[in-house]
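Q: Got a structure for you, protein31.txt, holding compact mmCIF, N, CA and C atoms and all ligand atoms.
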# COMPACT_ATOMS: atom_id res chain seq x y z
N MET A 20 -11.53 -13.44 3.97
CA MET A 20 -10.68 -13.79 2.81
C MET A 20 -9.59 -14.76 3.27
N GLY A 21 -8.77 -14.30 4.22
CA GLY A 21 -7.87 -15.19 4.93
C GLY A 21 -6.80 -15.85 4.10
N SER A 22 -6.77 -17.18 4.10
CA SER A 22 -5.61 -17.92 3.63
C SER A 22 -5.37 -17.78 2.14
N ASP A 23 -6.38 -17.34 1.37
CA ASP A 23 -6.18 -17.18 -0.07
C ASP A 23 -5.49 -15.87 -0.41
N CYS A 24 -5.41 -14.97 0.56
CA CYS A 24 -4.92 -13.63 0.26
C CYS A 24 -3.55 -13.41 0.91
N LEU A 25 -2.58 -13.05 0.08
CA LEU A 25 -1.22 -12.84 0.57
C LEU A 25 -1.16 -11.81 1.69
N PHE A 26 -1.83 -10.68 1.52
CA PHE A 26 -1.70 -9.62 2.52
C PHE A 26 -2.52 -9.93 3.77
N CYS A 27 -3.63 -10.67 3.65
CA CYS A 27 -4.31 -11.16 4.86
C CYS A 27 -3.37 -12.09 5.63
N ARG A 28 -2.57 -12.87 4.92
CA ARG A 28 -1.64 -13.77 5.60
C ARG A 28 -0.52 -12.99 6.28
N ILE A 29 -0.11 -11.88 5.70
CA ILE A 29 0.87 -11.01 6.38
C ILE A 29 0.24 -10.42 7.64
N VAL A 30 -1.01 -9.95 7.54
CA VAL A 30 -1.70 -9.41 8.72
C VAL A 30 -1.77 -10.47 9.82
N ALA A 31 -2.03 -11.72 9.42
CA ALA A 31 -2.17 -12.82 10.39
C ALA A 31 -0.83 -13.29 10.94
N GLY A 32 0.27 -12.78 10.40
CA GLY A 32 1.59 -13.20 10.84
C GLY A 32 2.04 -14.53 10.25
N GLU A 33 1.32 -15.01 9.24
CA GLU A 33 1.66 -16.30 8.62
C GLU A 33 2.79 -16.17 7.61
N ILE A 34 2.97 -14.96 7.09
CA ILE A 34 4.07 -14.66 6.16
C ILE A 34 4.82 -13.48 6.76
N PRO A 35 6.16 -13.57 6.87
CA PRO A 35 6.90 -12.48 7.49
C PRO A 35 6.92 -11.23 6.63
N ALA A 36 6.99 -10.09 7.27
CA ALA A 36 7.12 -8.81 6.57
C ALA A 36 7.85 -7.86 7.50
N THR A 37 8.52 -6.88 6.89
CA THR A 37 9.20 -5.85 7.67
C THR A 37 8.20 -4.73 7.94
N VAL A 38 7.57 -4.82 9.10
CA VAL A 38 6.52 -3.86 9.46
C VAL A 38 7.17 -2.58 9.95
N VAL A 39 6.72 -1.45 9.43
CA VAL A 39 7.26 -0.16 9.86
C VAL A 39 6.26 0.62 10.71
N ARG A 40 4.97 0.29 10.62
CA ARG A 40 3.97 0.94 11.47
C ARG A 40 2.74 0.06 11.53
N GLU A 41 2.16 0.01 12.72
CA GLU A 41 0.91 -0.73 12.90
C GLU A 41 -0.03 0.11 13.73
N THR A 42 -1.29 0.16 13.31
CA THR A 42 -2.34 0.78 14.12
C THR A 42 -3.42 -0.28 14.32
N PRO A 43 -4.42 -0.01 15.13
CA PRO A 43 -5.43 -1.05 15.34
C PRO A 43 -6.04 -1.59 14.04
N ARG A 44 -6.16 -0.76 13.03
CA ARG A 44 -6.84 -1.22 11.81
C ARG A 44 -6.01 -1.13 10.54
N THR A 45 -4.73 -0.73 10.66
CA THR A 45 -3.88 -0.64 9.46
C THR A 45 -2.51 -1.23 9.73
N LEU A 46 -1.81 -1.53 8.63
CA LEU A 46 -0.45 -2.07 8.72
C LEU A 46 0.37 -1.48 7.58
N ALA A 47 1.62 -1.14 7.86
CA ALA A 47 2.54 -0.65 6.82
C ALA A 47 3.80 -1.50 6.88
N PHE A 48 4.22 -2.00 5.73
CA PHE A 48 5.40 -2.88 5.68
C PHE A 48 6.15 -2.62 4.37
N ARG A 49 7.44 -2.95 4.38
CA ARG A 49 8.28 -2.66 3.21
C ARG A 49 7.95 -3.62 2.07
N ASP A 50 7.91 -3.07 0.85
CA ASP A 50 7.69 -3.90 -0.33
C ASP A 50 8.87 -4.86 -0.48
N ILE A 51 8.57 -6.10 -0.88
CA ILE A 51 9.61 -7.13 -1.01
C ILE A 51 10.54 -6.84 -2.18
N ALA A 52 10.08 -6.06 -3.14
CA ALA A 52 10.88 -5.72 -4.33
C ALA A 52 10.83 -4.21 -4.54
N PRO A 53 11.56 -3.46 -3.68
CA PRO A 53 11.41 -2.00 -3.69
C PRO A 53 11.81 -1.37 -5.01
N LYS A 54 11.03 -0.37 -5.43
CA LYS A 54 11.27 0.34 -6.68
C LYS A 54 11.73 1.78 -6.43
N ALA A 55 12.01 2.10 -5.19
CA ALA A 55 12.54 3.41 -4.80
C ALA A 55 13.25 3.21 -3.46
N PRO A 56 14.10 4.17 -3.05
CA PRO A 56 14.81 4.00 -1.76
C PRO A 56 13.85 3.73 -0.60
N VAL A 57 12.70 4.39 -0.61
CA VAL A 57 11.62 4.05 0.32
C VAL A 57 10.46 3.51 -0.50
N HIS A 58 10.01 2.31 -0.21
CA HIS A 58 8.85 1.72 -0.88
C HIS A 58 8.12 0.88 0.16
N VAL A 59 7.06 1.48 0.70
CA VAL A 59 6.29 0.87 1.78
C VAL A 59 4.86 0.65 1.30
N LEU A 60 4.28 -0.48 1.64
CA LEU A 60 2.89 -0.78 1.33
C LEU A 60 2.04 -0.52 2.57
N VAL A 61 0.93 0.19 2.38
CA VAL A 61 0.05 0.55 3.49
C VAL A 61 -1.32 -0.07 3.23
N ILE A 62 -1.79 -0.86 4.18
CA ILE A 62 -3.04 -1.62 3.96
C ILE A 62 -3.98 -1.50 5.16
N PRO A 63 -5.28 -1.67 4.92
CA PRO A 63 -6.18 -1.95 6.04
C PRO A 63 -6.02 -3.42 6.41
N LYS A 64 -6.12 -3.73 7.70
CA LYS A 64 -6.03 -5.14 8.10
C LYS A 64 -7.21 -5.94 7.58
N GLU A 65 -8.36 -5.29 7.52
CA GLU A 65 -9.55 -5.95 6.98
C GLU A 65 -9.42 -6.06 5.47
N HIS A 66 -9.91 -7.14 4.92
CA HIS A 66 -9.76 -7.36 3.48
C HIS A 66 -10.76 -6.56 2.67
N TYR A 67 -10.24 -5.69 1.81
CA TYR A 67 -11.00 -5.06 0.72
C TYR A 67 -10.16 -5.26 -0.53
N ALA A 68 -10.81 -5.53 -1.65
CA ALA A 68 -10.06 -5.89 -2.85
C ALA A 68 -9.27 -4.72 -3.41
N ASP A 69 -9.86 -3.54 -3.37
CA ASP A 69 -9.19 -2.39 -4.01
C ASP A 69 -9.66 -1.10 -3.35
N VAL A 70 -9.10 0.01 -3.78
CA VAL A 70 -9.36 1.28 -3.10
C VAL A 70 -10.80 1.73 -3.30
N ALA A 71 -11.39 1.37 -4.43
CA ALA A 71 -12.79 1.76 -4.67
C ALA A 71 -13.71 1.02 -3.70
N THR A 72 -13.46 -0.27 -3.53
CA THR A 72 -14.27 -1.08 -2.61
C THR A 72 -14.10 -0.59 -1.17
N LEU A 73 -12.87 -0.26 -0.81
CA LEU A 73 -12.60 0.26 0.54
C LEU A 73 -13.32 1.59 0.76
N ALA A 74 -13.20 2.50 -0.18
CA ALA A 74 -13.82 3.83 -0.02
C ALA A 74 -15.33 3.71 0.10
N GLU A 75 -15.90 2.79 -0.66
CA GLU A 75 -17.34 2.56 -0.62
C GLU A 75 -17.75 1.90 0.70
N GLY A 76 -16.97 0.90 1.13
CA GLY A 76 -17.37 0.08 2.27
C GLY A 76 -17.06 0.70 3.62
N ASP A 77 -15.96 1.45 3.72
CA ASP A 77 -15.55 2.00 5.01
C ASP A 77 -14.66 3.22 4.78
N PRO A 78 -15.31 4.35 4.46
CA PRO A 78 -14.50 5.55 4.16
C PRO A 78 -13.62 6.00 5.32
N ALA A 79 -14.05 5.75 6.54
CA ALA A 79 -13.21 6.12 7.68
C ALA A 79 -11.92 5.30 7.68
N LEU A 80 -12.04 4.03 7.33
CA LEU A 80 -10.85 3.17 7.26
C LEU A 80 -9.94 3.63 6.12
N ALA A 81 -10.53 4.06 5.01
CA ALA A 81 -9.71 4.62 3.92
C ALA A 81 -8.91 5.81 4.45
N GLY A 82 -9.54 6.63 5.27
CA GLY A 82 -8.84 7.76 5.88
C GLY A 82 -7.72 7.30 6.81
N GLU A 83 -7.96 6.22 7.53
CA GLU A 83 -6.91 5.70 8.42
C GLU A 83 -5.71 5.20 7.61
N VAL A 84 -5.99 4.60 6.46
CA VAL A 84 -4.89 4.15 5.59
C VAL A 84 -4.06 5.36 5.15
N LEU A 85 -4.74 6.44 4.76
CA LEU A 85 -4.01 7.66 4.36
C LEU A 85 -3.22 8.22 5.53
N ALA A 86 -3.82 8.23 6.72
CA ALA A 86 -3.11 8.77 7.89
C ALA A 86 -1.88 7.94 8.21
N THR A 87 -1.99 6.61 8.09
CA THR A 87 -0.83 5.75 8.33
C THR A 87 0.25 6.03 7.29
N ALA A 88 -0.15 6.19 6.03
CA ALA A 88 0.84 6.50 4.99
C ALA A 88 1.55 7.81 5.31
N ALA A 89 0.80 8.81 5.74
CA ALA A 89 1.42 10.10 6.07
C ALA A 89 2.37 9.97 7.25
N ALA A 90 2.00 9.17 8.24
CA ALA A 90 2.87 8.97 9.40
C ALA A 90 4.15 8.26 9.00
N VAL A 91 4.04 7.27 8.12
CA VAL A 91 5.24 6.59 7.64
C VAL A 91 6.11 7.57 6.85
N ALA A 92 5.48 8.38 6.01
CA ALA A 92 6.24 9.38 5.25
C ALA A 92 7.03 10.27 6.20
N GLU A 93 6.41 10.67 7.30
CA GLU A 93 7.12 11.50 8.27
C GLU A 93 8.26 10.70 8.92
N ASP A 94 7.97 9.48 9.34
CA ASP A 94 9.01 8.64 9.98
C ASP A 94 10.20 8.42 9.06
N GLU A 95 9.93 8.29 7.76
CA GLU A 95 10.98 7.99 6.79
C GLU A 95 11.67 9.27 6.30
N GLY A 96 11.25 10.41 6.82
CA GLY A 96 11.89 11.68 6.47
C GLY A 96 11.53 12.19 5.08
N LEU A 97 10.31 11.88 4.63
CA LEU A 97 9.92 12.20 3.26
C LEU A 97 9.15 13.51 3.13
N LEU A 98 8.77 14.13 4.25
CA LEU A 98 7.87 15.27 4.14
C LEU A 98 8.54 16.47 3.48
N GLY A 99 9.84 16.63 3.68
CA GLY A 99 10.52 17.79 3.10
C GLY A 99 10.61 17.73 1.59
N ASP A 100 11.11 16.61 1.06
CA ASP A 100 11.33 16.49 -0.38
C ASP A 100 10.14 15.91 -1.12
N GLY A 101 9.19 15.36 -0.40
CA GLY A 101 7.98 14.85 -1.03
C GLY A 101 8.03 13.36 -1.32
N PHE A 102 6.89 12.86 -1.75
CA PHE A 102 6.73 11.41 -1.95
C PHE A 102 5.57 11.19 -2.90
N ARG A 103 5.34 9.94 -3.23
CA ARG A 103 4.19 9.57 -4.07
C ARG A 103 3.43 8.44 -3.38
N LEU A 104 2.09 8.56 -3.39
CA LEU A 104 1.23 7.52 -2.82
C LEU A 104 0.32 7.04 -3.94
N MET A 105 0.35 5.73 -4.23
CA MET A 105 -0.27 5.20 -5.45
C MET A 105 -1.07 3.94 -5.13
N PHE A 106 -2.29 3.89 -5.65
CA PHE A 106 -3.13 2.70 -5.49
C PHE A 106 -3.40 2.10 -6.86
N ASN A 107 -2.62 1.11 -7.25
CA ASN A 107 -2.92 0.41 -8.50
C ASN A 107 -4.26 -0.31 -8.34
N THR A 108 -5.10 -0.18 -9.34
CA THR A 108 -6.46 -0.73 -9.23
C THR A 108 -6.86 -1.43 -10.52
N GLY A 109 -7.14 -2.72 -10.41
CA GLY A 109 -7.66 -3.48 -11.54
C GLY A 109 -6.63 -3.71 -12.63
N ALA A 110 -7.10 -4.22 -13.75
CA ALA A 110 -6.22 -4.67 -14.82
C ALA A 110 -5.43 -3.51 -15.42
N TYR A 111 -6.11 -2.45 -15.81
CA TYR A 111 -5.40 -1.31 -16.42
C TYR A 111 -4.46 -0.66 -15.41
N GLY A 112 -4.80 -0.71 -14.13
CA GLY A 112 -3.94 -0.13 -13.10
C GLY A 112 -2.75 -0.99 -12.74
N GLY A 113 -2.71 -2.22 -13.27
CA GLY A 113 -1.58 -3.10 -13.01
C GLY A 113 -1.59 -3.73 -11.63
N GLN A 114 -2.78 -3.83 -11.01
CA GLN A 114 -2.86 -4.42 -9.68
C GLN A 114 -2.59 -5.92 -9.75
N GLU A 115 -1.71 -6.39 -8.86
CA GLU A 115 -1.36 -7.82 -8.82
C GLU A 115 -1.84 -8.50 -7.55
N VAL A 116 -1.90 -7.76 -6.46
CA VAL A 116 -2.38 -8.32 -5.19
C VAL A 116 -3.72 -7.66 -4.88
N PHE A 117 -4.78 -8.48 -4.78
CA PHE A 117 -6.13 -7.93 -4.66
C PHE A 117 -6.57 -7.82 -3.20
N HIS A 118 -5.71 -7.19 -2.41
CA HIS A 118 -6.00 -6.67 -1.08
C HIS A 118 -5.47 -5.24 -1.14
N VAL A 119 -6.37 -4.28 -1.01
CA VAL A 119 -6.00 -2.88 -1.28
C VAL A 119 -4.72 -2.49 -0.55
N HIS A 120 -3.84 -1.81 -1.29
CA HIS A 120 -2.58 -1.34 -0.69
C HIS A 120 -2.17 -0.05 -1.39
N GLY A 121 -1.75 0.91 -0.58
CA GLY A 121 -1.13 2.11 -1.13
C GLY A 121 0.36 1.90 -1.18
N HIS A 122 0.95 2.23 -2.33
CA HIS A 122 2.42 2.21 -2.44
C HIS A 122 2.91 3.60 -2.03
N LEU A 123 3.75 3.66 -1.01
CA LEU A 123 4.40 4.91 -0.61
C LEU A 123 5.83 4.86 -1.14
N PHE A 124 6.12 5.78 -2.08
CA PHE A 124 7.45 5.87 -2.69
C PHE A 124 8.13 7.17 -2.27
N GLY A 125 9.42 7.12 -2.04
CA GLY A 125 10.15 8.34 -1.75
C GLY A 125 11.64 8.08 -1.64
N GLY A 126 12.36 9.14 -1.27
CA GLY A 126 13.80 9.02 -1.06
C GLY A 126 14.64 9.39 -2.26
N ALA A 127 13.99 9.69 -3.39
CA ALA A 127 14.68 10.13 -4.60
C ALA A 127 13.63 10.78 -5.51
N PRO A 128 14.07 11.62 -6.47
CA PRO A 128 13.10 12.12 -7.44
C PRO A 128 12.46 10.94 -8.16
N LEU A 129 11.13 10.96 -8.28
CA LEU A 129 10.40 9.77 -8.74
C LEU A 129 10.06 9.79 -10.22
N GLY A 130 10.45 10.83 -10.91
CA GLY A 130 10.23 10.84 -12.35
C GLY A 130 8.79 11.17 -12.70
N PRO A 131 8.45 10.98 -13.97
CA PRO A 131 7.11 11.37 -14.42
C PRO A 131 6.03 10.51 -13.78
N MET A 132 4.81 11.03 -13.80
CA MET A 132 3.70 10.33 -13.16
C MET A 132 3.44 8.99 -13.83
N LEU A 133 3.56 8.94 -15.16
CA LEU A 133 3.43 7.69 -15.91
C LEU A 133 4.67 7.50 -16.76
N ALA A 134 5.01 6.25 -17.02
CA ALA A 134 6.20 5.96 -17.83
C ALA A 134 6.05 6.53 -19.24
N ARG A 135 4.83 6.53 -19.74
CA ARG A 135 4.57 7.06 -21.08
C ARG A 135 3.38 7.99 -21.02
N ASP A 136 3.32 8.93 -21.96
CA ASP A 136 2.15 9.80 -22.09
C ASP A 136 1.12 9.06 -22.94
N LEU A 137 0.01 8.71 -22.33
CA LEU A 137 -1.00 7.89 -23.01
C LEU A 137 -2.16 8.72 -23.54
N ALA A 138 -2.11 10.03 -23.33
CA ALA A 138 -3.25 10.85 -23.73
C ALA A 138 -3.32 11.01 -25.26
P1 LIG A 201 0.42 -4.20 -7.09
O1 LIG A 201 1.03 -4.51 -8.43
O2 LIG A 201 -0.68 -5.17 -6.73
O3 LIG A 201 0.02 -2.75 -6.96
O4 LIG A 201 1.60 -4.36 -6.04
C1 LIG A 201 1.88 -5.52 -5.35
C2 LIG A 201 3.19 -5.30 -4.61
O5 LIG A 201 3.32 -6.30 -3.63
C3 LIG A 201 4.42 -5.37 -5.52
O6 LIG A 201 5.13 -4.13 -5.45
C4 LIG A 201 5.22 -6.54 -4.93
O7 LIG A 201 6.62 -6.32 -4.95
C5 LIG A 201 4.68 -6.63 -3.51
N1 LIG A 201 4.75 -7.98 -2.92
C6 LIG A 201 4.37 -9.13 -3.53
N2 LIG A 201 4.54 -10.16 -2.68
C7 LIG A 201 5.01 -9.63 -1.52
C8 LIG A 201 5.35 -10.21 -0.24
O8 LIG A 201 5.27 -11.43 -0.01
N3 LIG A 201 5.81 -9.36 0.71
C9 LIG A 201 5.92 -8.02 0.50
N4 LIG A 201 6.38 -7.26 1.50
N5 LIG A 201 5.59 -7.43 -0.68
C10 LIG A 201 5.14 -8.24 -1.67
ZN ZN A 202 -6.68 -9.82 2.08
Would you mind writing the file out in structure tokens?
Ligand code: 5GP
Ligand code: ZN
A:
Amino acid sequence: MGSDCLFCRIVAGEIPATVVRETPRTLAFRDIAPKAPVHVLVIPKEHYADVATLAEGDPALAGEVLATAAAVAEDEGLLGDGFRLMFNTGAYGGQEVFHVHGHLFGGAPLGPMLARDLA
């Protein structure tokens, strides 16, 4: 994917990011526009468009992304009070960057799961 993908460019070091954890196959960095006191994006270094594609293509790597998110949650002191891990997917999910990323939110009560009840 490379140069067309913002997060591939972050992995390549072409765009700066505040990295909080790196493993051989994953990267975690702070969101540029945080929506909570802690807002970290957790990605596989390899390009997958979304969480469904990642889970289908490399379930072990999906597990590594979760493990990195959990490690960041621990580093950020979120395990006691809790946190939210969210993968926006596709149009209805509000996904804007099509390189799979988990949003790790914490550091304050996060409110309802959805802004509105859509049921
Ligand atoms: P999505 O809507 O795709 O789930 O989330 C994309 C996220 O990427 C947004 O929260 C946005 O603030 C973040 N973002 C967009 N561009 C950059 C960037 O250049 N650097 C970082 N660190 N985050 C970014
Ligand atoms: Zn990418």
Q: Could you check how far atom CA of A:Glu93 sits from atom CA of A:Leu129, in Å to one decimal?
A: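 Answer for the atom CA of A:Glu93 to atom CA of A:Leu129 separation: 17.4 Å.
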Q: Hey, can you check how far atom CA of A:Arg103 sits from atom CA of A:Leu123?
A: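 According to the coordinates, atom CA of A:Arg103 and atom CA of A:Leu123 are separated by 5.8 Å.
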Q: Give one line per residue of chain A that approaches ligand LIG 201 (chain A) to at most 6.5 Å, naming the two atoms of the closest pair and their distance in Å to one decimal, counting only N, CA and C atoms and all ligand atoms; sort by chain then ascending residue number and deliver it as JSON lines.
A:
{"residue": "A:Pro35", "atom": "C", "partner": "A:LIG201", "partner_atom": "N3", "distance": 6.3}
{"residue": "A:Ala36", "atom": "CA", "partner": "A:LIG201", "partner_atom": "N4", "distance": 5.4}
{"residue": "A:Thr37", "atom": "N", "partner": "A:LIG201", "partner_atom": "N4", "distance": 5.8}
{"residue": "A:Phe48", "atom": "C", "partner": "A:LIG201", "partner_atom": "N4", "distance": 5.5}
{"residue": "A:Arg49", "atom": "C", "partner": "A:LIG201", "partner_atom": "N4", "distance": 4.0}
{"residue": "A:Asp50", "atom": "C", "partner": "A:LIG201", "partner_atom": "N4", "distance": 4.0}
{"residue": "A:Ile51", "atom": "N", "partner": "A:LIG201", "partner_atom": "N5", "distance": 3.3}
{"residue": "A:Ala52", "atom": "N", "partner": "A:LIG201", "partner_atom": "O7", "distance": 3.9}
{"residue": "A:Pro53", "atom": "N", "partner": "A:LIG201", "partner_atom": "O7", "distance": 5.8}
{"residue": "A:Phe106", "atom": "C", "partner": "A:LIG201", "partner_atom": "O3", "distance": 5.9}
{"residue": "A:Asn107", "atom": "CA", "partner": "A:LIG201", "partner_atom": "O3", "distance": 4.6}
{"residue": "A:Thr108", "atom": "N", "partner": "A:LIG201", "partner_atom": "O3", "distance": 6.2}
{"residue": "A:Gly113", "atom": "C", "partner": "A:LIG201", "partner_atom": "O1", "distance": 4.2}
{"residue": "A:Gln114", "atom": "C", "partner": "A:LIG201", "partner_atom": "O2", "distance": 3.7}
{"residue": "A:Glu115", "atom": "N", "partner": "A:LIG201", "partner_atom": "O2", "distance": 2.7}
{"residue": "A:Val116", "atom": "N", "partner": "A:LIG201", "partner_atom": "O2", "distance": 2.9}
{"residue": "A:Phe117", "atom": "N", "partner": "A:LIG201", "partner_atom": "O2", "distance": 5.6}
Q: Measure the distance from atom CA of A:Glu75 to atom N of A:Glu95 in Å and round it to one decimal.
A: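 Here the two named atoms are 29.1 Å from each other.
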Q: What residues of the protein or nucleic acid chains come within 6 Å of ligand ZN 202 (chain A) when you use all atoms listed in the file? Reply as a list of chain:residue names.
A: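 Those within range of ligand ZN 202 (chain A) are A:Met20, A:Gly21, A:Cys24, A:Leu25, A:Phe26, A:Cys27, A:Arg28, A:Glu65, A:His66, A:Tyr67, A:Phe117, A:His118.
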Q: Which parts of stretch 23-138 of chain A does DSSP call helix (DSSP H, G or I) when run on the backbone here, written out as an MDAnalysis selection string?
A: chainID A and resid 23 25:30 70:76 78:94 109:112
Q: Neighbours of A:Leu104 within 9 Å (only C-alpha atoms; same-chain residues fewer than 4 positions away dropped), as an MDAnalysis selection string?
A: chainID A and resid 85 88 121:124
Q: Write out as an MDAnalysis selection string all residues of chain A that DSSP puts in strand (DSSP E or B) for this structure's backbone.
A: chainID A and resid 38:41 45:49 57:63 102:105 121:125
Q: Between A:Ala90, A:His120, A:Ile29, A:Leu98, which is the closest to A:Leu60 once you count only N, CA and C atoms?
A: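 Smallest distance to A:Leu60 is found for A:His120.
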Q: Please identify all polymer residues within 7 Å of A:Ala127, counting only N, CA and C atoms, omitting same-chain residues fewer than 2 positions from it, and present them as a count of residues only.
A: 7
Q: I'd like to know which of A:Gly76, A:Gly126, A:Gly82, A:Pro63 is closest to A:Leu97, using only N, CA and C atoms.
A: A:Gly126
Q: Taking only C-alpha atoms into account, name the residue in A:Glu41, A:Asp69, A:Glu83, A:Asp23 that is nearest to A:Ala110.
A: A:Asp69
Q: From the list A:Gly109, A:Thr87, A:Lys64, A:Leu73, which residue is nearest A:Ala31 when using all atoms listed in the file?
A: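 For A:Ala31, the nearest of the given residues is A:Lys64.
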